[in-house]
Amino acid sequence: MARKKQKTIITCAVTGAIHTPTMSEALPYTYDDIAQQALDASEAGASILHLHARDNETGAPSVAIKDFEPFLPRIKQATDAVVNISTGGSLTLSIQDRINPAKTFSPEMCSMNMGSMNFSFHPLANRYKDEDWKFDWEKEYVKNSDGNIFRNTFRDIQEAAETLAPHDVKFEHECYDVGHLYNLKFCVDIGLFKAPIFIQFIFGILGGIGPEIENLVFMKQTADRLFGDDYRWSVLGAGASQFQVATQAVAMGANVRVGLEDSIWIGRGTLAESNAQQVRKVRTIIEGLGLDVATPAEAREILSLK
């Protein structure tokens, strides 16, 4: 009997904590825009919505509960898409601060970065003149990211896993390099996470592994060796590599993540008009390869969500 073909899950990362309002008019940062773009992305075919919060007035990244409260209920009431709350929210805050939104709102999913790393986007500052910046915080925030160490120690990971365990969330394990897969394997072996685990391979962040296809193949082969059949996987390419990496990975059987958190582009030199536009483009790629896009209900079944 032929094996049933599994459908492809699209995750949309709506706003994130890298890009700033100056970089794209389409980047949502107000409560209304985050909610509306999330709903539009769901309508376009995203079955998982990966969500960060921002200050409603300045667009600065935020993990404050008050900045999640205005848009999360609207999204949950208006769509069946899976809500995934980031625990990466700020590169400078403690793990306790970063997991507080997930602990407060108890989503079906949340992200989990699987290792400490240099995480920088400071070269983006060189693209803008001083007078271009819309808000006072943006330039220094971007420029000074070259001094960031994104802390995710084994102790941090264990604290997040144990704090959120009563909520029965499924983690999106974000792996920016091959060593993060080994970190995840260790954590699985000591019982912090249960199968099937969901791994997000991330390519193209400065400080992580590059977006070459050889790296994609190597990460997949490593995950196969470490986890066998006990994992599901998705791939995102940062910046200009977004759709190239997505196409290569989908052809290999991956799920895929797009969104303005990861890239503000829709094509070479062309800014995306919305998250939904990126979702529609990757959906066209998936269906052009003869594959079907998973509904939220199918995504829940594939990932064994609560």
# chains A, B, ... in the order shown; residues from 1 in each chain; ligands from 1

$ residues_around --residues "Asn148 in chain A" --least-positions-apart "4" --cutoff "9 Å" --atoms "only C-alpha atoms" --output "ChimeraX atom specification"
/A:91-92,117-120,144

$ write_last_selection --atoms "N, CA, C and O atoms" --output "JSON list (two decimals), in the first residue's frame"
[["chain", "number", "residue", "atom", "x", "y", "z"],
["A", 91, "LEU", "N", 16.65, 40.06, 22.35],
["A", 91, "LEU", "CA", 18.00, 39.50, 22.49],
["A", 91, "LEU", "C", 18.66, 39.91, 23.79],
["A", 91, "LEU", "O", 19.72, 39.38, 24.14],
["A", 92, "THR", "N", 18.09, 40.83, 24.52],
["A", 92, "THR", "CA", 18.74, 41.37, 25.71],
["A", 92, "THR", "C", 18.03, 41.02, 27.01],
["A", 92, "THR", "O", 18.53, 41.35, 28.09],
["A", 117, "MET", "N", 24.14, 32.18, 20.78],
["A", 117, "MET", "CA", 24.81, 32.49, 19.52],
["A", 117, "MET", "C", 24.99, 34.00, 19.36],
["A", 117, "MET", "O", 24.30, 34.79, 20.00],
["A", 118, "ASN", "N", 25.96, 34.38, 18.53],
["A", 118, "ASN", "CA", 25.98, 35.74, 18.02],
["A", 118, "ASN", "C", 24.80, 35.87, 17.06],
["A", 118, "ASN", "O", 24.62, 35.04, 16.18],
["A", 119, "PHE", "N", 24.01, 36.89, 17.27],
["A", 119, "PHE", "CA", 22.81, 37.09, 16.43],
["A", 119, "PHE", "C", 22.79, 38.57, 16.08],
["A", 119, "PHE", "O", 22.48, 39.40, 16.93],
["A", 120, "SER", "N", 23.16, 38.89, 14.85],
["A", 120, "SER", "CA", 23.31, 40.30, 14.52],
["A", 120, "SER", "C", 22.69, 40.64, 13.17],
["A", 120, "SER", "O", 22.66, 39.82, 12.25],
["A", 144, "ASN", "N", 23.70, 48.49, 17.06],
["A", 144, "ASN", "CA", 24.35, 47.86, 18.21],
["A", 144, "ASN", "C", 24.10, 46.37, 18.32],
["A", 144, "ASN", "O", 24.56, 45.73, 19.27]]

$ closest_atom_pairs --of "range 71-100 of chain A" --to "range 7-21 of chain A" --cutoff "10 Å" --atoms "only C-alpha atoms" --output "JSON lines"
{"residue": "A:Ala81", "atom": "CA", "partner": "A:Thr11", "partner_atom": "CA", "distance": 9.6}
{"residue": "A:Val82", "atom": "CA", "partner": "A:Thr11", "partner_atom": "CA", "distance": 9.1}
{"residue": "A:Val83", "atom": "CA", "partner": "A:Thr11", "partner_atom": "CA", "distance": 9.9}
{"residue": "A:Asn84", "atom": "CA", "partner": "A:Ala13", "partner_atom": "CA", "distance": 9.1}
{"residue": "A:Ile85", "atom": "CA", "partner": "A:Ala13", "partner_atom": "CA", "distance": 9.9}
{"residue": "A:Ser86", "atom": "CA", "partner": "A:Gly16", "partner_atom": "CA", "distance": 8.5}
{"residue": "A:Gly88", "atom": "CA", "partner": "A:Ala17", "partner_atom": "CA", "distance": 8.7}
{"residue": "A:Gly89", "atom": "CA", "partner": "A:Ala17", "partner_atom": "CA", "distance": 6.5}
{"residue": "A:Ser90", "atom": "CA", "partner": "A:Ala17", "partner_atom": "CA", "distance": 6.9}
{"residue": "A:Leu91", "atom": "CA", "partner": "A:Ala17", "partner_atom": "CA", "distance": 8.7}

$ write_last_selection --atoms "all heavy atoms" --output "compact mmCIF listing (two decimals), in the first residue's frame"
# COMPACT_ATOMS: atom_id res chain seq x y z
N ALA A 81 -6.43 29.14 12.92
CA ALA A 81 -4.99 28.92 12.80
C ALA A 81 -4.36 28.69 14.17
O ALA A 81 -4.82 29.21 15.19
CB ALA A 81 -4.32 30.10 12.11
N VAL A 82 -3.30 27.91 14.19
CA VAL A 82 -2.56 27.62 15.41
C VAL A 82 -1.78 28.87 15.82
O VAL A 82 -1.05 29.45 15.01
CB VAL A 82 -1.58 26.45 15.19
CG1 VAL A 82 -0.74 26.21 16.44
CG2 VAL A 82 -2.34 25.19 14.79
N VAL A 83 -1.92 29.28 17.07
CA VAL A 83 -1.17 30.42 17.60
C VAL A 83 0.13 29.92 18.22
O VAL A 83 0.13 29.03 19.07
CB VAL A 83 -2.00 31.20 18.64
CG1 VAL A 83 -1.13 32.21 19.38
CG2 VAL A 83 -3.16 31.90 17.95
N ASN A 84 1.22 30.51 17.77
CA ASN A 84 2.57 30.16 18.21
C ASN A 84 3.21 31.45 18.75
O ASN A 84 3.46 32.38 17.99
CB ASN A 84 3.37 29.60 17.03
CG ASN A 84 4.83 29.31 17.34
OD1 ASN A 84 5.43 29.89 18.24
ND2 ASN A 84 5.43 28.45 16.54
N ILE A 85 3.44 31.52 20.06
CA ILE A 85 4.01 32.72 20.67
C ILE A 85 5.52 32.55 20.83
O ILE A 85 6.00 31.55 21.35
CB ILE A 85 3.37 33.01 22.04
CG1 ILE A 85 1.89 33.35 21.86
CG2 ILE A 85 4.09 34.15 22.74
CD1 ILE A 85 1.16 33.63 23.15
N SER A 86 6.26 33.54 20.38
CA SER A 86 7.72 33.49 20.46
C SER A 86 8.19 33.55 21.91
O SER A 86 7.63 34.26 22.74
CB SER A 86 8.32 34.67 19.69
OG SER A 86 9.72 34.75 19.91
N GLY A 88 11.55 34.09 21.97
CA GLY A 88 12.82 34.71 21.63
C GLY A 88 12.78 36.22 21.71
O GLY A 88 13.82 36.88 21.60
N GLY A 89 11.58 36.77 21.89
CA GLY A 89 11.19 38.17 21.86
C GLY A 89 12.21 39.27 21.92
O GLY A 89 12.05 40.26 21.24
N SER A 90 13.26 39.15 22.70
CA SER A 90 14.28 40.19 22.80
C SER A 90 15.63 39.54 23.02
O SER A 90 15.76 38.59 23.81
CB SER A 90 13.99 41.16 23.94
OG SER A 90 15.09 42.02 24.15
N LEU A 91 16.65 40.06 22.35
CA LEU A 91 18.00 39.50 22.49
C LEU A 91 18.66 39.91 23.79
O LEU A 91 19.72 39.38 24.14
CB LEU A 91 18.87 39.95 21.31
CG LEU A 91 18.37 39.58 19.92
CD1 LEU A 91 19.36 40.09 18.86
CD2 LEU A 91 18.19 38.09 19.77

$ closest_atom_pairs --of "range 86-162 of chain A" --to "range 166-176 of chain A" --cutoff "7 Å" --atoms "only C-alpha atoms" --output "tab-separated table"
residue	atom	partner	partner_atom	distance
A:Ser106	CA	A:His167	CA	5.8
A:Pro107	CA	A:Val169	CA	6.5
A:Glu108	CA	A:Val169	CA	5.0
A:Met109	CA	A:Lys170	CA	4.6
A:Cys110	CA	A:Phe171	CA	5.2
A:Ser111	CA	A:Glu172	CA	4.5
A:Met112	CA	A:His173	CA	4.9
A:Asn113	CA	A:Glu174	CA	4.7
A:Met114	CA	A:Cys175	CA	5.8

$ closest_residue --among "A:Ala165, A:Gln244, A:Ala251, A:Lys185" --to "Gly228 in chain A" --atoms "only C-alpha atoms"
A:Lys185

$ select_by_dssp --residues "range 18-154 of chain A" --states "strand (DSSP E)" --output "ChimeraX atom specification"
/A:48-51,53-54,61-62,82-85,109-113,117-118,149-150

$ residues_around --residues "range 212-223 of chain A" --least-positions-apart "6" --cutoff "12 Å" --atoms "only C-alpha atoms" --output "PyMOL selection string"
chain A and resi 175-185+197-204+229-238+241-242+244-254

$ closest_residue --among "A:Ala46, A:Thr22, A:Ile209, A:Pro73" --to "Glu131 in chain A" --atoms "only C-alpha atoms"
A:Thr22

$ closest_residue --among "A:Ala195, A:Ile48, A:Leu164, A:Ala53" --to "Thr30 in chain A" --atoms "only C-alpha atoms"
A:Ala53
